[in-house]
>>> print(open('structure.tsv').read())   # TSV, C-alpha atoms and all ligand atoms
chain	number	residue	atom	x	y	z
A	1	MET	CA	81.86	130.11	91.17
A	2	SER	CA	81.00	127.20	88.96
A	3	SER	CA	78.66	127.08	86.04
A	4	TYR	CA	78.35	123.34	86.48
A	5	PRO	CA	75.73	121.98	84.10
A	6	ILE	CA	73.05	120.92	86.52
A	7	THR	CA	69.76	120.72	84.71
A	8	SER	CA	66.59	122.01	86.29
A	9	LYS	CA	65.36	118.44	86.68
A	10	ASP	CA	64.26	117.60	90.16
A	11	PHE	CA	66.49	114.67	91.03
A	12	ASN	CA	65.88	112.51	94.01
A	13	THR	CA	68.85	112.98	96.26
A	14	PRO	CA	71.42	111.79	97.06
A	15	CYS	CA	72.48	111.03	93.51
A	16	TYR	CA	75.50	111.19	91.27
A	17	PHE	CA	75.51	113.52	88.33
A	18	TYR	CA	78.03	112.93	85.53
A	19	ASP	CA	79.09	115.62	83.09
A	20	MET	CA	79.59	113.62	79.89
A	21	GLU	CA	80.88	116.65	78.01
A	22	LEU	CA	83.76	116.97	80.48
A	23	LEU	CA	84.43	113.23	80.26
A	24	VAL	CA	84.72	113.51	76.47
A	25	ARG	CA	86.95	116.55	76.82
A	26	THR	CA	89.20	114.60	79.22
A	27	LEU	CA	89.39	111.62	76.84
A	28	ASP	CA	90.17	113.98	73.95
A	29	ALA	CA	93.03	115.45	75.97
A	30	ILE	CA	94.47	111.97	76.52
A	31	LYS	CA	94.16	111.21	72.82
A	32	ALA	CA	95.86	114.47	71.91
A	33	GLU	CA	98.72	113.94	74.36
A	34	THR	CA	99.40	110.36	73.27
A	35	ALA	CA	98.98	110.97	69.53
A	36	GLU	CA	102.71	111.34	68.99
A	37	TYR	CA	103.48	107.94	70.54
A	38	ASP	CA	102.48	104.83	68.65
A	39	ASN	CA	103.69	102.58	71.47
A	40	TYR	CA	101.56	104.11	74.27
A	41	HIS	CA	98.44	102.24	75.38
A	42	VAL	CA	96.04	103.70	77.94
A	43	HIS	CA	93.80	101.34	79.89
A	44	TYR	CA	90.97	102.74	81.98
A	45	ALA	CA	90.94	101.43	85.57
A	46	ILE	CA	87.32	100.33	85.83
A	47	LYS	CA	87.26	100.30	89.62
A	48	ALA	CA	87.23	104.11	89.63
A	49	ASN	CA	83.78	104.26	88.03
A	50	ALA	CA	81.89	101.37	86.46
A	51	ASN	CA	78.71	103.23	85.50
A	52	PRO	CA	77.56	101.69	82.17
A	53	LYS	CA	77.24	105.03	80.36
A	54	VAL	CA	80.64	106.14	81.58
A	55	LEU	CA	82.21	102.85	80.52
A	56	SER	CA	80.60	103.05	77.07
A	57	CYS	CA	81.93	106.55	76.53
A	58	ILE	CA	85.45	105.46	77.51
A	59	ALA	CA	85.34	102.31	75.38
A	60	ALA	CA	84.15	104.40	72.41
A	61	ALA	CA	87.24	106.59	72.84
A	62	GLY	CA	89.37	103.54	72.14
A	63	LEU	CA	90.94	102.97	75.57
A	64	GLY	CA	91.67	99.52	76.93
A	65	ALA	CA	90.48	98.33	80.34
A	66	ASP	CA	92.34	97.67	83.57
A	67	CYS	CA	90.42	95.17	85.68
A	68	VAL	CA	90.93	93.94	89.23
A	69	SER	CA	88.15	91.35	89.40
A	70	GLY	CA	86.15	88.93	87.31
A	71	GLY	CA	83.14	91.22	87.63
A	72	GLU	CA	85.14	94.04	86.09
A	73	ILE	CA	86.25	91.78	83.22
A	74	GLU	CA	82.58	90.94	82.60
A	75	ALA	CA	81.65	94.64	82.72
A	76	ALA	CA	84.47	95.48	80.30
A	77	LEU	CA	83.42	92.80	77.81
A	78	ARG	CA	79.74	93.74	78.12
A	79	THR	CA	80.66	97.35	77.33
A	80	GLY	CA	82.63	96.39	74.26
A	81	PHE	CA	86.24	96.78	75.38
A	82	PRO	CA	88.15	94.24	73.24
A	83	ALA	CA	89.39	91.28	75.30
A	84	SER	CA	92.88	91.80	73.91
A	85	GLU	CA	92.99	95.29	75.50
A	86	ILE	CA	92.10	94.06	78.99
A	87	VAL	CA	94.77	93.78	81.66
A	88	PHE	CA	93.99	91.99	84.90
A	89	ALA	CA	95.69	92.82	88.21
A	90	GLY	CA	94.96	91.93	91.83
A	91	VAL	CA	96.73	90.13	94.68
A	92	GLY	CA	93.92	87.63	95.17
A	93	LYS	CA	92.57	86.38	91.88
A	94	ALA	CA	90.01	83.63	92.49
A	95	ASP	CA	90.00	80.47	90.36
A	96	TRP	CA	86.77	81.43	88.54
A	97	GLU	CA	88.25	84.82	87.70
A	98	ILE	CA	91.40	83.27	86.23
A	99	GLN	CA	89.29	80.80	84.29
A	100	LEU	CA	87.11	83.59	82.89
A	101	ALA	CA	90.19	85.58	81.85
A	102	LEU	CA	91.71	82.54	80.13
A	103	GLU	CA	88.53	81.62	78.32
A	104	LYS	CA	87.96	85.18	77.11
A	105	GLY	CA	91.59	85.54	76.03
A	106	ILE	CA	92.41	88.80	77.80
A	107	GLY	CA	95.48	90.84	76.88
A	108	MET	CA	97.51	90.00	79.95
A	109	PHE	CA	97.49	88.94	83.55
A	110	ASN	CA	99.45	91.16	85.89
A	111	VAL	CA	100.66	88.43	88.20
A	112	GLU	CA	101.42	89.37	91.79
A	113	SER	CA	103.03	86.21	93.26
A	114	ILE	CA	104.73	82.91	92.41
A	115	GLU	CA	101.76	81.14	93.98
A	116	GLU	CA	99.41	82.87	91.55
A	117	LEU	CA	101.66	82.00	88.59
A	118	GLU	CA	101.46	78.34	89.55
A	119	VAL	CA	97.65	78.42	89.69
A	120	ILE	CA	97.40	80.20	86.32
A	121	ASN	CA	99.78	77.64	84.83
A	122	GLU	CA	97.71	74.78	86.19
A	123	MET	CA	94.43	76.23	84.93
A	124	ALA	CA	95.92	77.05	81.52
A	125	ARG	CA	97.00	73.42	81.24
A	126	LYS	CA	93.53	72.15	82.17
A	127	LEU	CA	91.76	74.48	79.74
A	128	GLN	CA	94.51	74.20	77.11
A	129	LYS	CA	94.67	77.98	76.79
A	130	ARG	CA	97.73	80.18	76.59
A	131	ALA	CA	98.18	82.76	79.32
A	132	ARG	CA	100.02	86.02	78.65
A	133	VAL	CA	101.66	87.03	81.88
A	134	SER	CA	103.35	90.19	83.08
A	135	PHE	CA	104.78	90.36	86.55
A	136	ARG	CA	103.80	93.10	88.91
A	137	ILE	CA	107.05	94.11	90.54
A	138	ASN	CA	107.04	96.02	93.80
A	139	PRO	CA	109.49	98.79	92.91
A	140	ASP	CA	109.93	99.90	96.54
A	141	VAL	CA	109.54	103.57	95.70
A	142	GLY	CA	107.55	105.85	97.96
A	143	ALA	CA	104.73	108.00	96.73
A	144	HIS	CA	103.60	111.30	98.17
A	145	THR	CA	100.04	110.41	98.97
A	146	HIS	CA	97.79	109.13	101.75
A	147	GLU	CA	99.20	106.00	103.44
A	148	HIS	CA	96.12	103.98	102.48
A	149	ILE	CA	96.70	104.59	98.78
A	150	THR	CA	100.44	104.01	98.43
A	151	THR	CA	101.05	100.61	96.90
A	152	GLY	CA	104.64	100.53	95.71
A	153	LYS	CA	106.59	100.29	98.99
A	154	ALA	CA	108.27	97.07	100.10
A	155	GLU	CA	105.90	96.77	103.05
A	156	ASN	CA	102.75	96.88	100.88
A	157	LYS	CA	100.99	93.64	99.99
A	158	PHE	CA	101.17	94.28	96.24
A	159	GLY	CA	103.49	92.69	93.71
A	160	ILE	CA	106.62	90.58	93.67
A	161	ASP	CA	109.82	91.70	95.42
A	162	LYS	CA	112.17	93.14	92.83
A	163	GLU	CA	114.90	90.74	94.03
A	164	ASP	CA	112.71	87.85	92.80
A	165	MET	CA	112.03	89.31	89.34
A	166	VAL	CA	114.49	87.18	87.37
A	167	LYS	CA	113.55	84.06	89.33
A	168	VAL	CA	109.84	84.32	88.45
A	169	ILE	CA	110.55	85.07	84.80
A	170	ARG	CA	112.81	82.00	84.60
A	171	MET	CA	110.06	79.97	86.22
A	172	ALA	CA	107.50	81.22	83.68
A	173	GLU	CA	109.85	80.26	80.84
A	174	THR	CA	109.66	76.64	81.93
A	175	MET	CA	105.85	76.65	81.71
A	176	PRO	CA	104.75	75.71	78.19
A	177	LEU	CA	101.43	77.58	78.16
A	178	ILE	CA	102.70	80.73	79.85
A	179	ASP	CA	103.98	83.58	77.68
A	180	PHE	CA	106.07	86.14	79.53
A	181	THR	CA	104.85	89.54	78.28
A	182	GLY	CA	106.58	92.08	80.50
A	183	LEU	CA	106.67	94.05	83.72
A	184	HIS	CA	103.90	95.84	85.58
A	185	PHE	CA	104.06	98.53	88.28
A	186	HIS	CA	101.56	100.66	90.17
A	187	ILE	CA	102.89	102.87	92.95
A	188	GLY	CA	99.78	104.52	94.33
A	189	SER	CA	96.95	106.90	93.69
A	190	GLN	CA	96.26	110.65	93.70
A	191	LEU	CA	99.88	111.47	92.87
A	192	LEU	CA	100.42	115.08	91.91
A	193	VAL	CA	104.19	115.46	91.99
A	194	MET	CA	105.91	114.07	88.91
A	195	ASP	CA	108.91	113.15	91.10
A	196	ASP	CA	107.08	110.00	92.12
A	197	PHE	CA	106.75	108.89	88.50
A	198	GLU	CA	110.35	109.94	87.82
A	199	ALA	CA	111.49	107.71	90.70
A	200	LEU	CA	109.47	104.87	89.19
A	201	CYS	CA	111.16	105.41	85.79
A	202	ILE	CA	114.61	105.29	87.39
A	203	ARG	CA	113.72	102.03	89.11
A	204	ILE	CA	112.29	100.54	85.91
A	205	ASN	CA	115.52	101.46	84.07
A	206	GLU	CA	117.58	99.67	86.74
A	207	LEU	CA	115.39	96.58	86.46
A	208	GLN	CA	115.67	96.65	82.67
A	209	ASP	CA	119.47	96.74	82.96
A	210	GLU	CA	119.23	93.65	85.12
A	211	LEU	CA	117.02	91.94	82.51
A	212	ASP	CA	119.53	92.85	79.79
A	213	SER	CA	122.35	91.23	81.72
A	214	GLU	CA	120.23	88.07	81.94
A	215	GLY	CA	119.35	88.18	78.25
A	216	ILE	CA	115.64	88.69	79.00
A	217	TYR	CA	113.46	90.96	76.85
A	218	ALA	CA	110.21	92.42	78.22
A	219	PRO	CA	107.92	93.41	75.33
A	220	ASN	CA	105.59	95.43	77.57
A	221	ILE	CA	106.26	97.93	80.33
A	222	ASN	CA	103.11	98.79	82.28
A	223	VAL	CA	103.62	101.78	84.57
A	224	GLY	CA	100.18	101.58	86.22
A	225	GLY	CA	98.07	104.59	87.11
A	226	GLY	CA	97.87	107.06	89.93
A	227	LEU	CA	97.81	110.49	88.31
A	228	GLY	CA	95.97	112.79	90.71
A	229	ILE	CA	93.43	115.58	90.25
A	230	ASP	CA	92.76	118.97	91.85
A	231	TYR	CA	90.15	118.34	94.54
A	232	GLU	CA	90.44	121.89	95.88
A	233	GLN	CA	89.77	123.72	92.63
A	234	PRO	CA	87.82	121.51	90.25
A	235	ASP	CA	86.75	124.42	88.06
A	236	THR	CA	90.31	125.72	87.63
A	237	HIS	CA	91.69	122.28	86.68
A	238	PRO	CA	88.83	120.25	85.23
A	239	VAL	CA	91.23	118.26	83.03
A	240	PRO	CA	94.45	116.91	84.60
A	241	ASN	CA	97.86	117.78	83.19
A	242	PHE	CA	98.27	114.75	80.96
A	243	LYS	CA	101.07	116.42	79.02
A	244	ALA	CA	103.32	116.62	82.08
A	245	TYR	CA	102.42	113.05	82.96
A	246	PHE	CA	103.20	111.46	79.58
A	247	ASP	CA	106.29	113.68	79.12
A	248	THR	CA	107.65	112.37	82.42
A	249	PHE	CA	107.65	108.83	81.08
A	250	LYS	CA	108.93	109.88	77.67
A	251	GLN	CA	111.91	111.50	79.31
A	252	GLY	CA	112.35	109.05	82.18
A	253	LEU	CA	112.01	105.63	80.60
A	254	GLN	CA	114.92	104.15	78.68
A	255	LEU	CA	112.95	101.88	76.41
A	256	ARG	CA	114.38	98.96	74.48
A	257	GLN	CA	113.62	98.40	70.80
A	258	GLY	CA	109.91	97.83	70.15
A	259	GLN	CA	108.75	98.06	73.76
A	260	GLN	CA	105.12	98.98	74.34
A	261	VAL	CA	104.22	101.21	77.28
A	262	HIS	CA	100.94	100.75	79.11
A	263	PHE	CA	99.17	103.18	81.45
A	264	GLU	CA	96.29	102.41	83.76
A	265	LEU	CA	94.47	105.63	84.57
A	266	GLY	CA	91.35	105.71	86.71
A	267	ARG	CA	90.83	108.78	88.83
A	268	ALA	CA	92.38	111.20	86.34
A	269	ILE	CA	89.78	110.24	83.74
A	270	VAL	CA	86.57	110.28	85.75
A	271	ALA	CA	86.95	112.20	89.03
A	272	GLN	CA	86.16	115.71	87.84
A	273	MET	CA	83.13	114.83	85.73
A	274	GLY	CA	81.21	113.59	88.79
A	275	THR	CA	79.25	115.49	91.41
A	276	LEU	CA	77.37	114.03	94.33
A	277	LEU	CA	74.14	116.00	94.71
A	278	THR	CA	72.56	116.04	98.14
A	279	ARG	CA	69.93	118.07	99.95
A	280	VAL	CA	70.08	119.71	103.33
A	281	LEU	CA	67.83	117.93	105.79
A	282	TYR	CA	68.53	120.11	108.80
A	283	VAL	CA	70.74	122.95	109.89
A	284	LYS	CA	71.43	122.12	113.47
A	285	HIS	CA	72.69	124.75	115.85
A	286	GLY	CA	74.95	122.91	118.27
A	287	LYS	CA	76.59	124.37	121.35
A	288	GLN	CA	79.94	124.94	119.66
A	289	LYS	CA	79.25	124.26	116.05
A	290	GLN	CA	76.66	124.59	113.36
A	291	PHE	CA	75.95	121.43	111.44
A	292	VAL	CA	74.61	121.12	107.94
A	293	ILE	CA	73.05	117.66	107.91
A	294	VAL	CA	72.67	116.38	104.36
A	295	ASP	CA	70.89	113.34	102.97
A	296	ALA	CA	74.12	111.82	101.56
A	297	GLY	CA	76.42	109.85	103.83
A	298	PHE	CA	79.55	107.78	103.58
A	299	THR	CA	77.43	105.02	102.09
A	300	ASP	CA	77.25	107.25	99.01
A	301	LEU	CA	80.79	108.68	99.08
A	302	ILE	CA	83.25	107.05	101.46
A	303	ARG	CA	86.46	108.87	100.53
A	304	PRO	CA	86.27	111.49	103.30
A	305	ALA	CA	85.62	108.83	105.97
A	306	LEU	CA	88.14	106.34	104.55
A	307	TYR	CA	91.04	108.59	103.55
A	308	GLY	CA	90.25	111.91	105.20
A	309	ALA	CA	89.77	113.14	101.65
A	310	LEU	CA	88.52	116.69	101.07
A	311	HIS	CA	86.03	117.46	98.33
A	312	ALA	CA	84.99	120.97	97.33
A	313	ILE	CA	81.44	121.58	98.54
A	314	GLN	CA	79.04	124.19	97.16
A	315	ASN	CA	75.55	125.29	98.05
A	316	TYR	CA	73.96	125.62	94.60
A	317	THR	CA	70.67	126.97	95.90
A	318	ALA	CA	72.34	129.79	97.80
A	319	GLU	CA	74.74	130.56	94.94
A	320	LYS	CA	71.79	131.08	92.64
A	321	GLU	CA	70.24	133.59	95.04
A	322	LEU	CA	73.31	135.54	96.06
A	323	PRO	CA	74.00	137.42	92.81
A	324	THR	CA	70.45	138.77	92.90
A	325	LEU	CA	70.87	139.85	96.47
A	326	LYS	CA	74.12	141.63	95.71
A	327	SER	CA	72.43	143.84	93.13
A	328	SER	CA	69.78	144.51	95.82
A	329	ASP	CA	67.11	143.32	93.47
A	330	ASN	CA	64.08	142.18	95.39
A	331	SER	CA	62.42	140.37	92.55
A	332	CYS	CA	63.65	136.96	93.71
A	333	SER	CA	61.18	134.67	95.35
A	334	GLU	CA	59.55	136.07	98.44
A	335	ASN	CA	60.55	133.37	100.87
A	336	SER	CA	64.27	133.77	100.11
A	337	SER	CA	65.04	136.36	102.72
A	338	LYS	CA	68.57	137.65	102.58
A	339	ARG	CA	71.27	135.09	103.33
A	340	ALA	CA	74.49	135.76	105.15
A	341	THR	CA	77.33	135.23	102.68
A	342	ALA	CA	79.62	133.17	104.90
A	343	VAL	CA	78.81	130.94	107.85
A	344	THR	CA	81.09	128.21	109.23
A	345	TYR	CA	79.59	124.73	109.23
A	346	ASP	CA	80.46	121.09	109.63
A	347	VAL	CA	78.80	119.25	106.76
A	348	VAL	CA	77.76	115.80	107.94
A	349	GLY	CA	75.71	112.83	106.80
A	350	PRO	CA	72.92	110.91	108.53
A	351	ILE	CA	74.78	107.65	109.20
A	352	CYS	CA	75.28	106.40	112.72
A	353	GLU	CA	79.08	106.76	112.77
A	354	SER	CA	81.12	109.77	113.88
A	355	SER	CA	83.25	109.43	110.75
A	356	ASP	CA	80.29	110.38	108.58
A	357	VAL	CA	81.61	113.88	107.95
A	358	PHE	CA	82.17	115.54	104.57
A	359	ALA	CA	83.82	118.74	105.81
A	360	LYS	CA	84.71	120.45	109.05
A	361	ASP	CA	84.69	124.23	109.61
A	362	LEU	CA	83.67	124.93	106.06
A	363	SER	CA	82.55	128.39	105.04
A	364	LEU	CA	79.32	128.35	103.04
A	365	PRO	CA	76.62	130.91	102.32
A	366	GLU	CA	73.95	130.71	105.00
A	367	THR	CA	72.41	127.32	104.41
A	368	ARG	CA	68.81	126.21	104.83
A	369	ARG	CA	66.74	123.07	104.84
A	370	GLY	CA	66.07	121.93	101.29
A	371	ASP	CA	69.14	123.58	99.74
A	372	LEU	CA	70.88	121.60	97.00
A	373	ILE	CA	74.49	120.87	97.92
A	374	ALA	CA	77.13	119.72	95.43
A	375	ILE	CA	80.05	117.59	96.56
A	376	ARG	CA	82.48	117.99	93.70
A	377	SER	CA	85.12	115.76	92.06
A	378	ALA	CA	83.17	112.67	93.09
A	379	GLY	CA	83.35	110.77	89.80
A	380	ALA	CA	86.13	108.43	90.94
A	381	TYR	CA	85.82	105.96	93.81
A	382	GLY	CA	82.38	107.38	94.63
A	383	GLU	CA	79.51	105.41	93.15
A	384	THR	CA	81.68	102.27	92.88
A	385	MET	CA	82.41	102.29	96.61
A	386	SER	CA	78.84	102.97	97.73
A	387	SER	CA	77.23	100.55	100.17
A	388	GLN	CA	73.91	99.71	101.75
A	389	TYR	CA	75.04	100.15	105.34
A	390	ASN	CA	72.08	101.22	107.51
A	391	CYS	CA	69.85	99.58	104.85
A	392	ARG	CA	70.22	102.69	102.75
A	393	PRO	CA	69.40	102.47	99.05
A	394	LEU	CA	72.35	102.79	96.68
A	395	PRO	CA	72.67	106.26	95.14
A	396	GLN	CA	71.23	106.68	91.64
A	397	ALA	CA	73.32	108.19	88.85
A	398	HIS	CA	72.29	110.61	86.11
A	399	THR	CA	74.21	111.98	83.17
A	400	THR	CA	74.06	115.28	81.31
A	401	ASP	CA	73.03	113.51	78.11
A	402	GLU	CA	69.89	111.93	79.58
B	501	LIG	C1	93.52	101.28	91.17
B	501	LIG	C2	94.51	100.89	90.15
B	501	LIG	C3	94.80	101.75	89.10
B	501	LIG	C4	94.17	103.11	88.94
B	501	LIG	O1	94.58	104.01	89.89
B	501	LIG	P1	94.19	105.56	89.76
B	501	LIG	O2	94.86	106.19	90.92
B	501	LIG	O3	92.71	105.65	89.84
B	501	LIG	O4	94.71	106.06	88.46
B	501	LIG	C5	95.71	101.32	88.15
B	501	LIG	N1	96.31	100.11	88.26
B	501	LIG	C6	96.05	99.26	89.26
B	501	LIG	C7	96.75	97.96	89.31
B	501	LIG	C8	95.14	99.63	90.24
B	501	LIG	O5	94.91	98.79	91.25
>>> encode(input="structure.tsv", output="structure tokens")
Amino acid sequence: MSSYPITSKDFNTPCYFYDMELLVRTLDAIKAETAEYDNYHVHYAIKANANPKVLSCIAAAGLGADCVSGGEIEAALRTGFPASEIVFAGVGKADWEIQLALEKGIGMFNVESIEELEVINEMARKLQKRARVSFRINPDVGAHTHEHITTGKAENKFGIDKEDMVKVIRMAETMPLIDFTGLHFHIGSQLLVMDDFEALCIRINELQDELDSEGIYAPNINVGGGLGIDYEQPDTHPVPNFKAYFDTFKQGLQLRQGQQVHFELGRAIVAQMGTLLTRVLYVKHGKQKQFVIVDAGFTDLIRPALYGALHAIQNYTAEKELPTLKSSDNSCSENSSKRATAVTYDVVGPICESSDVFAKDLSLPETRRGDLIAIRSAGAYGETMSSQYNCRPLPQAHTTDE
């Protein structure tokens, strides 16, 4: 199993543990795969993980930032992402957020409705600032992922109907302080089949043909994010297949002269470097099931409860003991009597909701109170989505370079 770099430090659990070496390796892979393109720009989607150390590492690698709130814009600027490399999406941008973005001179707004365009125009006029505006077009392409994380279908709340694309661009052209900068798309998250991105490319090409016939040029094409990761086998695929991803757009997009392509990757950059560490409070022998009750709950990692997401789960304490037991060496500590190698458990948290379950019918080595459990691939949409429900403290985060 894994040789995940957990130090011997005695962390208070539950806590997040971030492998900075893997994060750097992931960022290096992105750099290597985009080196041949001088018109590719990768923005990190801050909502996936806004831990200050993680953000600093990503900013140092030269990525831009994809923000969906004023707070994220502030975090990006605080970290040192250049304002010009910040893109700002979101269906419900508040006035203060628009004002902040205008005052800081961000790279572009990804505008999601005519109503929003009108408000940005009005605020730009008041502040006498120029606003660079791309339109988020709903491409109406499906994505093979969980229904809660598809965003590019006509029935989703995101973006502008593709039938209205020319109309909104024409409208923007009449607004003196609005600069039309291009088109933006984002079809969903945790996408593993390149067909979804190919379908997006085909749709973008159709829309570009329509722009051509209207004599409109879009300097920037932003294809959003969504590249998925291997939740089942984090140690086999610690770094996502960025080559296949970027190649798909290279082959699929028919770019016009000078067009810049933007990517907004979140999960693919940070998911695998994060582990949620938790300790076993009780092993409860129910009538039909055995429950491993851990000290982490959905307040610390909500993905299983929210999306039915599966994370690989390991018992680090038992894994450390098992090799010794196999070689029938009795030198290991006296109180570690022999463990059964495989017992079926439900792994659950302490929160007063039936959805507070991390795994059902999972096979683990015999598990005991006090064992350290690792919930893997928790670097994306983990810490950022934590809450204080049940008056629980927020989980702490540690990094390998501490
Ligand atoms: C969430 C989001 C992303 C990042 O999605 P991932 O699946 O984490 O890559 C990119 N763009 C927009 C507009 C988003 O809302």
>>> residues_around(input="structure.tsv", residues="stretch 60-70 of chain A", least_positions_apart="3", cutoff="8 Å", atoms="all atoms listed in the file", output="PyMOL selection string")
chain A and resi 27+41-47+56-57+73-74+76+81-82+85-90+93+96-98+100-101+264
>>> closest_residue(input="structure.tsv", among="A:Thr26, A:Ser113, A:Gln190, A:Ser354", to="A:Gly228", atoms="only C-alpha atoms")
A:Gln190
>>> closest_atom_pairs(input="structure.tsv", of="chain A", to="ligand LIG 501 (chain B)", cutoff="6 Å", atoms="all atoms listed in the file", output="tab-separated table")
residue	atom	partner	partner_atom	distance
A:Ala45	CA	B:LIG501	C4	5.0
A:Ala48	CA	B:LIG501	O3	5.7
A:Ala89	CA	B:LIG501	C7	5.4
A:His186	CA	B:LIG501	C7	5.6
A:Ser189	CA	B:LIG501	O2	3.5
A:Gln190	CA	B:LIG501	O2	5.4
A:Gly224	CA	B:LIG501	N1	4.6
A:Gly225	CA	B:LIG501	O4	3.9
A:Gly226	CA	B:LIG501	O2	3.3
A:Leu227	CA	B:LIG501	O4	5.4
A:Glu264	CA	B:LIG501	C5	4.6
A:Leu265	CA	B:LIG501	O4	3.9
A:Gly266	CA	B:LIG501	O3	3.4
A:Arg267	CA	B:LIG501	O3	3.8
>>> atom_distance(input="structure.tsv", atom1="atom CA of A:Ile178", atom2="atom CA of A:Arg125")
9.4 Å
>>> atom_distance(input="structure.tsv", atom1="atom CA of A:Glu232", atom2="atom CA of A:His311")
6.7 Å
>>> closest_residue(input="structure.tsv", among="A:Val223, A:Val54, A:Ile106, A:Cys352", to="A:Phe135", atoms="only C-alpha atoms")
A:Val223
>>> residues_near_point(input="structure.tsv", point="(108.5, 95.1, 95.9)", cutoff="6 Å", atoms="only C-alpha atoms", output="PyMOL selection string")
chain A and resi 137-140+154+159-162
>>> closest_residue(input="structure.tsv", among="A:Val357, A:Leu310, A:Ala131, A:Val343", to="A:Ala296", atoms="only C-alpha atoms")
A:Val357
>>> atom_distance(input="structure.tsv", atom1="atom CA of A:Arg368", atom2="atom CA of A:Ala312")
18.6 Å
>>> residues_around(input="structure.tsv", residues="A:Tyr217", least_positions_apart="2", cutoff="10 Å", atoms="all atoms listed in the file", output="list in words")
Phe180, Thr181, Gly182, Gln208, Leu211, Asp212, Glu214, Gly215, Pro219, Asn220, Arg256, Gln257 and Gln259 of chain A
>>> closest_residue(input="structure.tsv", among="A:Phe358, A:Tyr231, A:Tyr307, A:Phe158", to="A:Leu192", atoms="all atoms listed in the file")
A:Tyr231
>>> closest_residue(input="structure.tsv", among="A:Ala218, A:Val261, A:Leu276, A:Leu177", to="A:Thr34", atoms="all atoms listed in the file")
A:Val261
>>> build_atoms(input="structure.tsv", residues="stretch 257-261 of chain A", atoms="all heavy atoms", output="CSV table (one decimal), in the frame of the given file")
chain,number,residue,atom,x,y,z
A,257,GLN,N,114.2,98.5,72.1
A,257,GLN,CA,113.6,98.4,70.8
A,257,GLN,C,112.2,97.7,70.8
A,257,GLN,O,112.1,96.6,71.4
A,257,GLN,CB,114.6,97.6,69.9
A,257,GLN,CG,114.2,97.5,68.4
A,257,GLN,CD,114.3,98.8,67.7
A,257,GLN,OE1,115.3,99.6,68.1
A,257,GLN,NE2,113.5,99.1,66.8
A,258,GLY,N,111.2,98.4,70.3
A,258,GLY,CA,109.9,97.8,70.2
A,258,GLY,C,109.1,97.7,71.4
A,258,GLY,O,108.0,97.2,71.3
A,259,GLN,N,109.5,98.2,72.5
A,259,GLN,CA,108.8,98.1,73.8
A,259,GLN,C,107.5,98.9,73.7
A,259,GLN,O,107.5,100.1,73.3
A,259,GLN,CB,109.6,98.4,75.0
A,259,GLN,CG,110.4,97.3,75.5
A,259,GLN,CD,111.2,97.6,76.7
A,259,GLN,OE1,111.6,98.8,77.0
A,259,GLN,NE2,111.4,96.6,77.6
A,260,GLN,N,106.4,98.3,74.2
A,260,GLN,CA,105.1,99.0,74.3
A,260,GLN,C,104.9,99.5,75.8
A,260,GLN,O,105.3,98.7,76.7
A,260,GLN,CB,104.0,98.0,74.0
A,260,GLN,CG,104.1,97.4,72.6
A,260,GLN,CD,104.1,98.4,71.5
A,260,GLN,OE1,103.1,99.1,71.3
A,260,GLN,NE2,105.2,98.5,70.7
A,261,VAL,N,104.4,100.7,75.9
A,261,VAL,CA,104.2,101.2,77.3
A,261,VAL,C,102.7,101.3,77.6
A,261,VAL,O,101.9,101.8,76.7
A,261,VAL,CB,104.8,102.6,77.4
A,261,VAL,CG1,104.7,103.1,78.9
A,261,VAL,CG2,106.3,102.6,77.0
